[in-house]
file target.cif (mmCIF, C-alpha atoms)
data_upload
loop_
_atom_site.group_PDB
_atom_site.id
_atom_site.type_symbol
_atom_site.label_atom_id
_atom_site.label_comp_id
_atom_site.auth_asym_id
_atom_site.auth_seq_id
_atom_site.Cartn_x
_atom_site.Cartn_y
_atom_site.Cartn_z
ATOM 1 C CA MET A 25 -60.418 7.132 -15.567
ATOM 2 C CA THR A 26 -62.904 4.760 -13.949
ATOM 3 C CA LEU A 27 -62.536 0.996 -13.753
ATOM 4 C CA GLU A 28 -65.283 -1.424 -12.764
ATOM 5 C CA LEU A 29 -63.685 -4.388 -11.052
ATOM 6 C CA HIS A 30 -64.646 -7.771 -9.703
ATOM 7 C CA ALA A 31 -63.787 -8.459 -6.071
ATOM 8 C CA THR A 32 -60.572 -10.401 -6.642
ATOM 9 C CA PRO A 33 -56.872 -9.724 -5.988
ATOM 10 C CA GLU A 34 -56.262 -9.983 -9.750
ATOM 11 C CA GLU A 35 -58.640 -7.105 -10.343
ATOM 12 C CA VAL A 36 -57.051 -5.026 -7.560
ATOM 13 C CA MET A 37 -53.698 -5.405 -9.275
ATOM 14 C CA ARG A 38 -55.274 -4.613 -12.648
ATOM 15 C CA ALA A 39 -56.323 -1.283 -11.148
ATOM 16 C CA VAL A 40 -52.855 -0.753 -9.640
ATOM 17 C CA GLU A 41 -51.173 -1.425 -12.990
ATOM 18 C CA ALA A 42 -53.555 0.956 -14.796
ATOM 19 C CA PHE A 43 -52.792 3.557 -12.141
ATOM 20 C CA GLN A 44 -49.034 3.006 -12.473
ATOM 21 C CA GLU A 45 -49.336 3.618 -16.210
ATOM 22 C CA PHE A 46 -51.375 6.764 -15.520
ATOM 23 C CA VAL A 47 -48.776 8.232 -13.128
ATOM 24 C CA ARG A 48 -45.994 7.327 -15.567
ATOM 25 C CA VAL A 49 -47.718 9.295 -18.321
ATOM 26 C CA GLN A 50 -48.338 12.157 -15.881
ATOM 27 C CA GLN A 51 -44.621 12.112 -14.993
ATOM 28 C CA ILE A 52 -45.329 11.843 -11.284
ATOM 29 C CA PRO A 53 -42.057 11.417 -9.353
ATOM 30 C CA GLU A 54 -41.206 7.777 -8.732
ATOM 31 C CA ARG A 55 -41.303 7.946 -4.945
ATOM 32 C CA THR A 56 -44.704 9.651 -4.944
ATOM 33 C CA ALA A 57 -46.025 7.231 -7.553
ATOM 34 C CA PHE A 58 -44.917 4.270 -5.428
ATOM 35 C CA GLY A 59 -46.806 5.548 -2.373
ATOM 36 C CA LEU A 60 -49.961 6.287 -4.352
ATOM 37 C CA ALA A 61 -49.968 2.845 -5.962
ATOM 38 C CA LEU A 62 -49.409 1.274 -2.568
ATOM 39 C CA ALA A 63 -52.359 3.193 -1.102
ATOM 40 C CA LEU A 64 -54.578 2.005 -3.953
ATOM 41 C CA GLU A 65 -53.445 -1.600 -3.464
ATOM 42 C CA GLU A 66 -54.135 -1.473 0.281
ATOM 43 C CA CYS A 67 -57.582 0.126 -0.051
ATOM 44 C CA GLY A 68 -58.586 -2.084 -2.979
ATOM 45 C CA SER A 69 -57.514 -5.188 -1.078
ATOM 46 C CA ASN A 70 -59.571 -4.118 1.927
ATOM 47 C CA VAL A 71 -62.634 -3.635 -0.254
ATOM 48 C CA VAL A 72 -62.204 -7.105 -1.763
ATOM 49 C CA LYS A 73 -61.504 -8.915 1.514
ATOM 50 C CA TYR A 74 -63.739 -7.124 3.971
ATOM 51 C CA ALA A 75 -66.402 -5.052 2.239
ATOM 52 C CA LEU A 76 -67.167 -7.615 -0.458
ATOM 53 C CA GLY A 77 -66.039 -10.751 1.358
ATOM 54 C CA GLY A 78 -63.875 -11.964 -1.525
ATOM 55 C CA ILE A 79 -66.981 -12.846 -3.538
ATOM 56 C CA ALA A 80 -65.708 -12.523 -7.100
ATOM 57 C CA GLN A 81 -69.130 -11.767 -8.557
ATOM 58 C CA GLN A 82 -69.317 -8.593 -6.480
ATOM 59 C CA LYS A 83 -68.117 -5.424 -8.141
ATOM 60 C CA PHE A 84 -66.523 -2.156 -7.063
ATOM 61 C CA LYS A 85 -65.240 0.905 -8.828
ATOM 62 C CA VAL A 86 -61.903 2.669 -8.817
ATOM 63 C CA SER A 87 -61.454 6.140 -10.292
ATOM 64 C CA PHE A 88 -58.330 8.249 -10.420
ATOM 65 C CA GLY A 89 -57.101 11.437 -11.975
ATOM 66 C CA CYS A 90 -55.334 14.758 -11.546
ATOM 67 C CA ARG A 91 -57.091 17.984 -10.717
ATOM 68 C CA HIS A 92 -55.144 21.237 -10.378
ATOM 69 C CA ASP A 93 -52.153 20.283 -8.230
ATOM 70 C CA GLU A 94 -53.784 17.220 -6.699
ATOM 71 C CA ILE A 95 -53.901 13.565 -7.633
ATOM 72 C CA PHE A 96 -56.866 11.586 -6.362
ATOM 73 C CA ILE A 97 -58.030 7.979 -6.113
ATOM 74 C CA GLU A 98 -61.635 7.093 -5.347
ATOM 75 C CA LEU A 99 -63.001 3.678 -4.436
ATOM 76 C CA ARG A 100 -66.722 2.909 -4.360
ATOM 77 C CA ASP A 101 -68.130 -0.349 -3.092
ATOM 78 C CA PRO A 102 -71.607 -1.620 -2.182
ATOM 79 C CA GLY A 103 -70.468 -3.416 0.977
ATOM 80 C CA PRO A 104 -71.570 -2.831 4.565
ATOM 81 C CA GLU A 105 -70.752 0.575 6.010
ATOM 82 C CA PHE A 106 -67.126 0.745 7.055
ATOM 83 C CA ASP A 107 -65.042 3.825 7.674
ATOM 84 C CA PRO A 108 -61.328 2.947 7.468
ATOM 85 C CA THR A 109 -60.369 6.463 8.557
ATOM 86 C CA ALA A 110 -61.864 5.683 11.959
ATOM 87 C CA TRP A 111 -59.536 2.711 12.495
ATOM 88 C CA ASN A 112 -57.504 3.395 15.586
ATOM 89 C CA GLY A 113 -55.527 0.243 16.182
ATOM 90 C CA SER A 114 -52.025 -0.165 17.461
ATOM 91 C CA SER A 115 -49.208 1.577 15.650
ATOM 92 C CA SER A 116 -46.558 0.214 17.921
ATOM 93 C CA GLY A 117 -45.008 -1.962 15.246
ATOM 94 C CA ALA A 118 -45.519 -5.049 17.358
ATOM 95 C CA GLU A 119 -46.345 -8.240 15.503
ATOM 96 C CA SER A 120 -49.659 -8.818 17.219
ATOM 97 C CA GLU A 121 -52.540 -9.750 14.950
ATOM 98 C CA GLU A 122 -54.160 -6.415 15.733
ATOM 99 C CA ALA A 123 -51.098 -4.455 14.714
ATOM 100 C CA ILE A 124 -50.531 -6.518 11.566
ATOM 101 C CA GLY A 125 -54.147 -6.001 10.546
ATOM 102 C CA GLY A 126 -53.603 -2.272 10.726
ATOM 103 C CA TRP A 127 -50.472 -2.077 8.605
ATOM 104 C CA GLY A 128 -52.411 -1.295 5.434
ATOM 105 C CA ILE A 129 -54.191 1.743 6.807
ATOM 106 C CA GLN A 130 -50.971 2.961 8.437
ATOM 107 C CA LEU A 131 -49.292 2.932 5.021
ATOM 108 C CA VAL A 132 -52.214 4.719 3.391
ATOM 109 C CA ARG A 133 -52.136 7.425 6.056
ATOM 110 C CA ARG A 134 -48.426 7.860 5.606
ATOM 111 C CA TYR A 135 -48.437 8.201 1.837
ATOM 112 C CA MET A 136 -51.603 10.235 1.284
ATOM 113 C CA ASP A 137 -52.323 13.818 2.322
ATOM 114 C CA GLU A 138 -56.051 13.364 2.760
ATOM 115 C CA ILE A 139 -58.387 10.417 3.248
ATOM 116 C CA ARG A 140 -62.123 11.065 3.138
ATOM 117 C CA TYR A 141 -64.811 8.518 3.794
ATOM 118 C CA GLU A 142 -68.460 8.983 2.951
ATOM 119 C CA ARG A 143 -71.439 6.640 3.132
ATOM 120 C CA ARG A 144 -73.778 7.648 0.333
ATOM 121 C CA GLY A 145 -76.893 5.545 -0.079
ATOM 122 C CA LYS A 146 -75.696 1.953 -0.107
ATOM 123 C CA GLU A 147 -72.152 2.793 -1.133
ATOM 124 C CA ASN A 148 -68.898 3.263 0.725
ATOM 125 C CA ILE A 149 -66.918 6.030 -0.952
ATOM 126 C CA LEU A 150 -63.261 6.420 -0.030
ATOM 127 C CA ARG A 151 -61.372 9.307 -1.575
ATOM 128 C CA LEU A 152 -57.605 9.536 -1.261
ATOM 129 C CA SER A 153 -55.683 12.568 -2.405
ATOM 130 C CA LYS A 154 -52.181 13.912 -2.484
ATOM 131 C CA GLN A 155 -50.923 17.361 -3.342
ATOM 132 C CA LEU A 156 -48.414 17.469 -6.149
ATOM 133 C CA LYS A 157 -45.923 20.212 -5.480
ATOM 134 C CA PRO A 158 -42.536 20.739 -7.080
ATOM 135 C CA GLU A 159 -40.707 20.677 -3.795
ATOM 136 C CA GLY A 160 -42.092 17.183 -3.163
ATOM 137 C CA GLY A 161 -41.814 17.470 0.570
ATOM 138 C CA GLU A 162 -43.930 15.866 3.195
ATOM 139 C CA PHE A 163 -47.285 17.430 3.825
ATOM 140 C CA GLN A 164 -49.412 17.787 6.871
ATOM 141 C CA LYS A 165 -51.810 14.897 7.028
ATOM 142 C CA ALA A 166 -55.356 16.140 7.069
ATOM 143 C CA GLN A 167 -57.737 13.288 7.555
ATOM 144 C CA SER A 168 -61.366 14.170 7.623
ATOM 145 C CA LYS A 169 -64.616 12.362 7.530
ATOM 146 C CA GLN A 170 -67.842 13.328 5.842
ATOM 147 C CA SER A 171 -70.948 11.639 7.044
ATOM 148 C CA MET B 20 -46.328 -7.040 -12.353
ATOM 149 C CA SER B 21 -45.563 -10.577 -11.336
ATOM 150 C CA LEU B 22 -43.253 -11.945 -8.656
ATOM 151 C CA GLU B 23 -40.292 -14.158 -9.461
ATOM 152 C CA ILE B 24 -39.184 -16.316 -6.553
ATOM 153 C CA GLN B 25 -35.877 -18.168 -6.399
ATOM 154 C CA ILE B 26 -35.081 -20.194 -3.317
ATOM 155 C CA ARG B 27 -31.637 -21.697 -2.889
ATOM 156 C CA LYS B 28 -29.886 -23.387 -0.066
ATOM 157 C CA ASN B 29 -26.584 -21.821 0.884
ATOM 158 C CA ILE B 30 -23.763 -24.318 0.644
ATOM 159 C CA GLY B 31 -20.254 -23.505 1.695
ATOM 160 C CA ALA B 32 -18.483 -21.310 4.107
ATOM 161 C CA ARG B 33 -21.156 -18.710 4.678
ATOM 162 C CA ASP B 34 -23.868 -20.560 6.554
ATOM 163 C CA ASP B 35 -25.013 -24.101 5.823
ATOM 164 C CA GLY B 36 -28.218 -23.606 7.753
ATOM 165 C CA ALA B 37 -29.261 -20.635 5.654
ATOM 166 C CA VAL B 38 -31.518 -20.291 2.662
ATOM 167 C CA THR B 39 -31.475 -17.328 0.291
ATOM 168 C CA VAL B 40 -34.724 -16.168 -1.269
ATOM 169 C CA ASN B 41 -34.436 -13.839 -4.260
ATOM 170 C CA LEU B 42 -37.563 -11.856 -4.990
ATOM 171 C CA ALA B 43 -38.057 -9.870 -8.188
ATOM 172 C CA GLY B 44 -41.124 -7.870 -9.153
ATOM 173 C CA SER B 45 -44.112 -7.117 -6.973
ATOM 174 C CA LEU B 46 -44.955 -8.651 -3.589
ATOM 175 C CA ASP B 47 -48.606 -7.726 -3.244
ATOM 176 C CA THR B 48 -52.086 -8.995 -2.496
ATOM 177 C CA LEU B 49 -51.965 -11.236 -5.579
ATOM 178 C CA THR B 50 -48.432 -12.634 -5.290
ATOM 179 C CA ALA B 51 -47.946 -12.861 -1.503
ATOM 180 C CA PRO B 52 -49.929 -16.144 -1.228
ATOM 181 C CA ASP B 53 -47.598 -17.715 -3.817
ATOM 182 C CA LEU B 54 -44.528 -16.728 -1.788
ATOM 183 C CA GLU B 55 -46.159 -18.128 1.332
ATOM 184 C CA ARG B 56 -46.852 -21.425 -0.460
ATOM 185 C CA GLN B 57 -43.285 -21.710 -1.733
ATOM 186 C CA LEU B 58 -41.766 -20.901 1.649
ATOM 187 C CA ALA B 59 -43.916 -23.372 3.577
ATOM 188 C CA PRO B 60 -41.943 -26.556 2.734
ATOM 189 C CA VAL B 61 -38.650 -24.759 3.341
ATOM 190 C CA LEU B 62 -39.780 -23.488 6.725
ATOM 191 C CA SER B 63 -40.921 -26.957 7.741
ATOM 192 C CA GLY B 64 -37.357 -28.193 7.191
ATOM 193 C CA PRO B 65 -34.168 -27.633 9.190
ATOM 194 C CA VAL B 66 -33.561 -24.077 7.957
ATOM 195 C CA LYS B 67 -32.478 -21.633 10.643
ATOM 196 C CA ASP B 68 -31.661 -18.449 8.765
ATOM 197 C CA MET B 69 -33.439 -17.063 5.748
ATOM 198 C CA ILE B 70 -31.923 -14.261 3.711
ATOM 199 C CA PHE B 71 -34.265 -12.299 1.483
ATOM 200 C CA ASP B 72 -32.395 -10.635 -1.381
ATOM 201 C CA LEU B 73 -34.653 -7.774 -2.443
ATOM 202 C CA ALA B 74 -32.421 -6.177 -5.081
ATOM 203 C CA ASP B 75 -35.077 -6.611 -7.762
ATOM 204 C CA LEU B 76 -38.183 -6.187 -5.632
ATOM 205 C CA LYS B 77 -39.963 -3.106 -6.974
ATOM 206 C CA PHE B 78 -43.198 -3.075 -4.981
ATOM 207 C CA ILE B 79 -44.407 -4.352 -1.633
ATOM 208 C CA SER B 80 -47.653 -3.975 0.288
ATOM 209 C CA SER B 81 -48.830 -5.088 3.709
ATOM 210 C CA ALA B 82 -49.715 -8.485 2.194
ATOM 211 C CA GLY B 83 -46.004 -9.037 1.569
ATOM 212 C CA LEU B 84 -45.002 -7.706 4.968
ATOM 213 C CA ARG B 85 -47.334 -10.245 6.567
ATOM 214 C CA VAL B 86 -45.472 -13.076 4.829
ATOM 215 C CA PHE B 87 -42.182 -11.725 6.146
ATOM 216 C CA ALA B 88 -43.670 -11.408 9.640
ATOM 217 C CA SER B 89 -44.984 -14.976 9.691
ATOM 218 C CA THR B 90 -41.670 -16.260 8.290
ATOM 219 C CA ARG B 91 -39.797 -14.423 10.980
ATOM 220 C CA LYS B 92 -42.085 -15.871 13.640
ATOM 221 C CA THR B 93 -41.500 -19.438 12.399
ATOM 222 C CA LEU B 94 -37.734 -18.948 12.206
ATOM 223 C CA ARG B 95 -37.630 -17.492 15.700
ATOM 224 C CA GLU B 96 -39.305 -20.632 16.985
ATOM 225 C CA HIS B 97 -36.343 -22.525 15.502
ATOM 226 C CA HIS B 98 -33.915 -20.003 17.019
ATOM 227 C CA GLY B 99 -33.289 -18.672 13.551
ATOM 228 C CA GLN B 100 -33.649 -15.321 11.910
ATOM 229 C CA ALA B 101 -34.836 -13.563 8.769
ATOM 230 C CA SER B 102 -32.444 -11.102 7.158
ATOM 231 C CA PHE B 103 -32.915 -8.663 4.305
ATOM 232 C CA VAL B 104 -30.276 -7.469 1.870
ATOM 233 C CA HIS B 105 -30.113 -5.091 -1.107
ATOM 234 C CA MET B 106 -33.352 -3.383 -0.185
ATOM 235 C CA GLN B 107 -34.474 -0.670 -2.614
ATOM 236 C CA PRO B 108 -35.098 2.730 -0.963
ATOM 237 C CA GLN B 109 -38.874 2.632 -1.501
ATOM 238 C CA ILE B 110 -39.064 -0.851 0.031
ATOM 239 C CA GLN B 111 -36.932 0.182 2.985
ATOM 240 C CA GLU B 112 -39.233 3.158 3.538
ATOM 241 C CA VAL B 113 -42.238 0.836 3.813
ATOM 242 C CA PHE B 114 -40.392 -1.208 6.448
ATOM 243 C CA GLU B 115 -39.539 1.962 8.326
ATOM 244 C CA ILE B 116 -43.102 3.279 8.254
ATOM 245 C CA ILE B 117 -44.510 0.078 9.665
ATOM 246 C CA ARG B 118 -41.551 -0.731 11.875
ATOM 247 C CA SER B 119 -43.042 -4.129 11.207
ATOM 248 C CA LEU B 120 -40.126 -6.343 11.860
ATOM 249 C CA PRO B 121 -38.280 -4.962 14.832
ATOM 250 C CA GLY B 122 -35.056 -6.778 15.442
ATOM 251 C CA VAL B 123 -34.662 -8.180 11.937
ATOM 252 C CA ALA B 124 -31.293 -7.760 10.311
ATOM 253 C CA ILE B 125 -31.193 -5.485 7.292
ATOM 254 C CA PHE B 126 -27.950 -5.253 5.327
ATOM 255 C CA LYS B 127 -26.949 -2.925 2.561
ATOM 256 C CA ASP B 128 -24.877 -5.566 0.767
ATOM 257 C CA GLU B 129 -23.582 -9.144 0.932
ATOM 258 C CA ALA B 130 -20.251 -8.197 2.506
ATOM 259 C CA GLU B 131 -22.029 -6.690 5.474
ATOM 260 C CA MET B 132 -24.303 -9.724 5.693
ATOM 261 C CA ASP B 133 -21.359 -12.154 5.467
ATOM 262 C CA ARG B 134 -19.637 -10.476 8.396
ATOM 263 C CA TYR B 135 -22.833 -10.699 10.406
ATOM 264 C CA LEU B 136 -23.445 -14.375 9.601
ATOM 265 C CA ALA B 137 -19.839 -15.290 10.341
ATOM 266 C CA ALA B 138 -20.088 -13.656 13.751
ATOM 267 C CA ARG B 139 -23.407 -15.393 14.333
ATOM 268 C CA GLN B 140 -21.958 -18.820 13.442
ATOM 269 C CA GLN B 141 -19.043 -18.215 15.770
ATOM 270 C CA SER B 142 -21.347 -17.324 18.645
ATOM 271 C CA HIS B 143 -23.390 -20.490 18.002
ATOM 272 C CA ALA B 144 -20.206 -22.565 18.063
ATOM 273 C CA GLU B 145 -19.067 -21.153 21.393
#

call {"tool": "encode", "arguments": {"input": "target.cif", "output": "structure tokens"}}
result
Amino acid sequence: MTLELHATPEEVMRAVEAFQEFVRVQQIPERTAFGLALALEECGSNVVKYALGGIAQQKFKVSFGCRHDEIFIELRDPGPEFDPTAWNGSSSGAESEEAIGGWGIQLVRRYMDEIRYERRGKENILRLSKQLKPEGGEFQKAQSKQS
Amino acid sequence: MSLEIQIRKNIGARDDGAVTVNLAGSLDTLTAPDLERQLAPVLSGPVKDMIFDLADLKFISSAGLRVFASTRKTLREHHGQASFVHMQPQIQEVFEIIRSLPGVAIFKDEAEMDRYLAARQQSHAE
């Protein structure tokens, strides 16, 4: 499924709600579904605030689906080049502005198995994925970057 | 999913300087600004302790955590504290991942919170 969205918080949550319905139909376990929806919310919010500057006329795309034993979320935006996987701020938990600003990406890293960033033409493409396995355990985080 | 916010002043034996905030639904990029707006007049008053009852909070993102962090900062300036009770497991996990609010009080139920607040009142009185 692909959604074309305006750069507003309302549209981010429209994507999250569509995704929550998708994972419900797919019978994804509740805890996994929560983390995936949270990752989509965080990445979508970053696109709206930073890549597209909160300009509602700007548009971005969110796609998601299941393939084999993997669920994926892809965000495409026409904003300036920005690789969130390269963010290396504090993870100390302190309430400094720097640490607070990094909470979103920390959550995404925690809940997803893989985060790939690619700059293709004038688009940022962020692909998040998580393995769906019956045991439902934690998986090794494998973050990689394609340039 | 929307966010329902109920703010009530605690009156009685528990803690007269405390306010309880019940949140139900989703605290996210869309709803966090509304919570911030509703808390602002309360935080500008004489409140010292704020208790967030999260029994019906189903979803939270970093936007919501930021509101809690700024609330905590304001309360600390007034020598107060933010506490959290009835946290759902998925919400508690988010707190644990971020370790965002070190030193905040998190209680599993109201009995545990009551004991804590009573002890806190007693220490203030001494």

call {"tool": "residues_around", "arguments": {"input": "target.cif", "residues": "B:Val104", "least_positions_apart": "6", "cutoff": "6 Å", "atoms": "only C-alpha atoms", "output": "list in words"}}
result
Asp72, Ile125, Phe126, Lys127 and Asp128 of chain B

call {"tool": "residues_near_point", "arguments": {"input": "target.cif", "point": "(-62.8, -5.6, -12.0)", "cutoff": "12 Å", "atoms": "only C-alpha atoms", "output": "ChimeraX atom specification"}}
result
/A:26-40,42,68,71-72,79-87,99,101

call {"tool": "closest_atom_pairs", "arguments": {"input": "target.cif", "of": "chain B", "to": "chain A", "cutoff": "12 Å", "atoms": "all atoms listed in the file", "output": "JSON lines"}}
result
{"residue": "B:Met20", "atom": "CA", "partner": "A:Glu41", "partner_atom": "CA", "distance": 7.4}
{"residue": "B:Ser21", "atom": "CA", "partner": "A:Met37", "partner_atom": "CA", "distance": 9.9}
{"residue": "B:Ser45", "atom": "CA", "partner": "A:Met37", "partner_atom": "CA", "distance": 10.0}
{"residue": "B:Leu46", "atom": "CA", "partner": "A:Met37", "partner_atom": "CA", "distance": 10.9}
{"residue": "B:Asp47", "atom": "CA", "partner": "A:Glu65", "partner_atom": "CA", "distance": 7.8}
{"residue": "B:Thr48", "atom": "CA", "partner": "A:Pro33", "partner_atom": "CA", "distance": 6.0}
{"residue": "B:Leu49", "atom": "CA", "partner": "A:Pro33", "partner_atom": "CA", "distance": 5.2}
{"residue": "B:Thr50", "atom": "CA", "partner": "A:Pro33", "partner_atom": "CA", "distance": 9.0}
{"residue": "B:Ala51", "atom": "CA", "partner": "A:Pro33", "partner_atom": "CA", "distance": 10.5}
{"residue": "B:Pro52", "atom": "CA", "partner": "A:Pro33", "partner_atom": "CA", "distance": 10.6}
{"residue": "B:Lys77", "atom": "CA", "partner": "A:Phe58", "partner_atom": "CA", "distance": 9.0}
{"residue": "B:Phe78", "atom": "CA", "partner": "A:Phe58", "partner_atom": "CA", "distance": 7.6}
{"residue": "B:Ile79", "atom": "CA", "partner": "A:Leu62", "partner_atom": "CA", "distance": 7.6}
{"residue": "B:Ser80", "atom": "CA", "partner": "A:Leu62", "partner_atom": "CA", "distance": 6.2}
{"residue": "B:Ser81", "atom": "CA", "partner": "A:Gly128", "partner_atom": "CA", "distance": 5.5}
{"residue": "B:Ala82", "atom": "CA", "partner": "A:Gly128", "partner_atom": "CA", "distance": 8.3}
{"residue": "B:Gly83", "atom": "CA", "partner": "A:Gly128", "partner_atom": "CA", "distance": 10.8}
{"residue": "B:Leu84", "atom": "CA", "partner": "A:Trp127", "partner_atom": "CA", "distance": 8.7}
{"residue": "B:Arg85", "atom": "CA", "partner": "A:Ile124", "partner_atom": "CA", "distance": 7.0}
{"residue": "B:Val86", "atom": "CA", "partner": "A:Ile124", "partner_atom": "CA", "distance": 10.7}
{"residue": "B:Phe87", "atom": "CA", "partner": "A:Glu119", "partner_atom": "CA", "distance": 10.8}
{"residue": "B:Ala88", "atom": "CA", "partner": "A:Glu119", "partner_atom": "CA", "distance": 7.2}
{"residue": "B:Ser89", "atom": "CA", "partner": "A:Glu119", "partner_atom": "CA", "distance": 9.0}
{"residue": "B:Thr90", "atom": "CA", "partner": "A:Glu119", "partner_atom": "CA", "distance": 11.8}
{"residue": "B:Arg91", "atom": "CA", "partner": "A:Glu119", "partner_atom": "CA", "distance": 10.1}
{"residue": "B:Lys92", "atom": "CA", "partner": "A:Glu119", "partner_atom": "CA", "distance": 8.9}
{"residue": "B:Gln107", "atom": "CA", "partner": "A:Arg55", "partner_atom": "CA", "distance": 11.2}
{"residue": "B:Pro108", "atom": "CA", "partner": "A:Arg55", "partner_atom": "CA", "distance": 9.0}
{"residue": "B:Gln109", "atom": "CA", "partner": "A:Arg55", "partner_atom": "CA", "distance": 6.8}
{"residue": "B:Ile110", "atom": "CA", "partner": "A:Phe58", "partner_atom": "CA", "distance": 9.5}
{"residue": "B:Gln111", "atom": "CA", "partner": "A:Arg55", "partner_atom": "CA", "distance": 11.9}
{"residue": "B:Glu112", "atom": "CA", "partner": "A:Gly59", "partner_atom": "CA", "distance": 9.9}
{"residue": "B:Val113", "atom": "CA", "partner": "A:Leu131", "partner_atom": "CA", "distance": 7.5}
{"residue": "B:Phe114", "atom": "CA", "partner": "A:Leu131", "partner_atom": "CA", "distance": 9.9}
{"residue": "B:Glu115", "atom": "CA", "partner": "A:Gly117", "partner_atom": "CA", "distance": 9.7}
{"residue": "B:Ile116", "atom": "CA", "partner": "A:Leu131", "partner_atom": "CA", "distance": 7.0}
{"residue": "B:Ile117", "atom": "CA", "partner": "A:Gly117", "partner_atom": "CA", "distance": 6.0}
{"residue": "B:Arg118", "atom": "CA", "partner": "A:Gly117", "partner_atom": "CA", "distance": 5.0}
{"residue": "B:Ser119", "atom": "CA", "partner": "A:Gly117", "partner_atom": "CA", "distance": 5.0}
{"residue": "B:Leu120", "atom": "CA", "partner": "A:Gly117", "partner_atom": "CA", "distance": 7.4}
{"residue": "B:Pro121", "atom": "CA", "partner": "A:Gly117", "partner_atom": "CA", "distance": 7.4}
{"residue": "B:Gly122", "atom": "CA", "partner": "A:Ala118", "partner_atom": "CA", "distance": 10.8}

call {"tool": "resolve_selection", "arguments": {"input": "target.cif", "expression": "the PyMOL selection byres ((chain A and resi 144) around 12)", "output": "list in words"}}
result
Arg100, Asp101, Pro102, Gly103, Pro104, Glu105, Phe106, Tyr141, Glu142, Arg143, Gly145, Lys146, Glu147, Asn148, Ile149, Leu150, Gln170 and Ser171 of chain A

call {"tool": "atom_distance", "arguments": {"input": "target.cif", "atom1": "atom CA of B:Asp68", "atom2": "atom CA of B:Gly36"}}
result
6.3 Å

call {"tool": "resolve_selection", "arguments": {"input": "target.cif", "expression": "the PyMOL selection byres ((chain B and resi 40) around 8)", "output": "compact mmCIF listing (two decimals) with C-alpha atoms, keeping the file's coordinate frame"}}
result
# COMPACT_ATOMS: atom_id res chain seq x y z
CA ILE B 24 -39.18 -16.32 -6.55
CA GLN B 25 -35.88 -18.17 -6.40
CA ILE B 26 -35.08 -20.19 -3.32
CA ARG B 27 -31.64 -21.70 -2.89
CA VAL B 38 -31.52 -20.29 2.66
CA THR B 39 -31.48 -17.33 0.29
CA ASN B 41 -34.44 -13.84 -4.26
CA LEU B 42 -37.56 -11.86 -4.99
CA MET B 69 -33.44 -17.06 5.75
CA ILE B 70 -31.92 -14.26 3.71
CA PHE B 71 -34.26 -12.30 1.48
CA ASP B 72 -32.40 -10.64 -1.38

call {"tool": "residues_near_point", "arguments": {"input": "target.cif", "point": "(-38.9, -6.0, -11.1)", "cutoff": "6 Å", "atoms": "all atoms listed in the file", "output": "list of chain:residue names"}}
result
B:Ala43, B:Gly44, B:Asp75, B:Leu76, B:Lys77

call {"tool": "atom_distance", "arguments": {"input": "target.cif", "atom1": "atom CA of B:Gln100", "atom2": "atom CA of B:Gln57"}}
result
17.9 Å

call {"tool": "atom_distance", "arguments": {"input": "target.cif", "atom1": "atom CA of B:Leu22", "atom2": "atom CA of B:Glu55"}}
result
12.1 Å

call {"tool": "axis_aligned_box", "arguments": {"input": "target.cif", "around": "stretch 89-104 of chain B", "padding_each_side": "3 Å", "output": "lines of an AutoDock Vina configuration file"}}
result
center_x = -37.6
center_y = -15.0
center_z = 9.4
size_x = 20.7
size_y = 21.1
size_z = 21.1

call {"tool": "resolve_selection", "arguments": {"input": "target.cif", "expression": "the PyMOL selection byres ((chain A and resi 109) around 7)", "output": "list of chain:residue names"}}
result
A:Asp107, A:Pro108, A:Ala110, A:Trp111, A:Ile139, A:Tyr141

call {"tool": "build_atoms", "arguments": {"input": "target.cif", "residues": "stretch 71-79 of chain B", "atoms": "N, CA and C atoms", "output": "PDB file, in the coordinates of the input"}}
result
ATOM      1  N   PHE B  71     -33.476 -12.790   2.601  1.00  0.00           N
ATOM      2  CA  PHE B  71     -34.265 -12.299   1.483  1.00  0.00           C
ATOM      3  C   PHE B  71     -33.439 -11.269   0.725  1.00  0.00           C
ATOM      4  N   ASP B  72     -33.110 -11.585  -0.522  1.00  0.00           N
ATOM      5  CA  ASP B  72     -32.395 -10.635  -1.381  1.00  0.00           C
ATOM      6  C   ASP B  72     -33.450  -9.864  -2.185  1.00  0.00           C
ATOM      7  N   LEU B  73     -33.571  -8.575  -1.865  1.00  0.00           N
ATOM      8  CA  LEU B  73     -34.653  -7.774  -2.443  1.00  0.00           C
ATOM      9  C   LEU B  73     -34.147  -6.793  -3.504  1.00  0.00           C
ATOM     10  N   ALA B  74     -33.009  -7.101  -4.100  1.00  0.00           N
ATOM     11  CA  ALA B  74     -32.421  -6.177  -5.081  1.00  0.00           C
ATOM     12  C   ALA B  74     -33.387  -5.853  -6.217  1.00  0.00           C
ATOM     13  N   ASP B  75     -34.184  -6.826  -6.613  1.00  0.00           N
ATOM     14  CA  ASP B  75     -35.077  -6.611  -7.762  1.00  0.00           C
ATOM     15  C   ASP B  75     -36.546  -6.546  -7.353  1.00  0.00           C
ATOM     16  N   LEU B  76     -36.796  -6.338  -6.073  1.00  0.00           N
ATOM     17  CA  LEU B  76     -38.183  -6.187  -5.632  1.00  0.00           C
ATOM     18  C   LEU B  76     -38.581  -4.718  -5.798  1.00  0.00           C
ATOM     19  N   LYS B  77     -39.585  -4.485  -6.620  1.00  0.00           N
ATOM     20  CA  LYS B  77     -39.963  -3.106  -6.974  1.00  0.00           C
ATOM     21  C   LYS B  77     -41.137  -2.588  -6.153  1.00  0.00           C
ATOM     22  N   PHE B  78     -41.966  -3.503  -5.655  1.00  0.00           N
ATOM     23  CA  PHE B  78     -43.198  -3.075  -4.981  1.00  0.00           C
ATOM     24  C   PHE B  78     -43.506  -4.043  -3.853  1.00  0.00           C
ATOM     25  N   ILE B  79     -43.969  -3.495  -2.743  1.00  0.00           N
ATOM     26  CA  ILE B  79     -44.407  -4.352  -1.633  1.00  0.00           C
ATOM     27  C   ILE B  79     -45.598  -3.686  -0.956  1.00  0.00           C
TER      28      ILE B  79
END
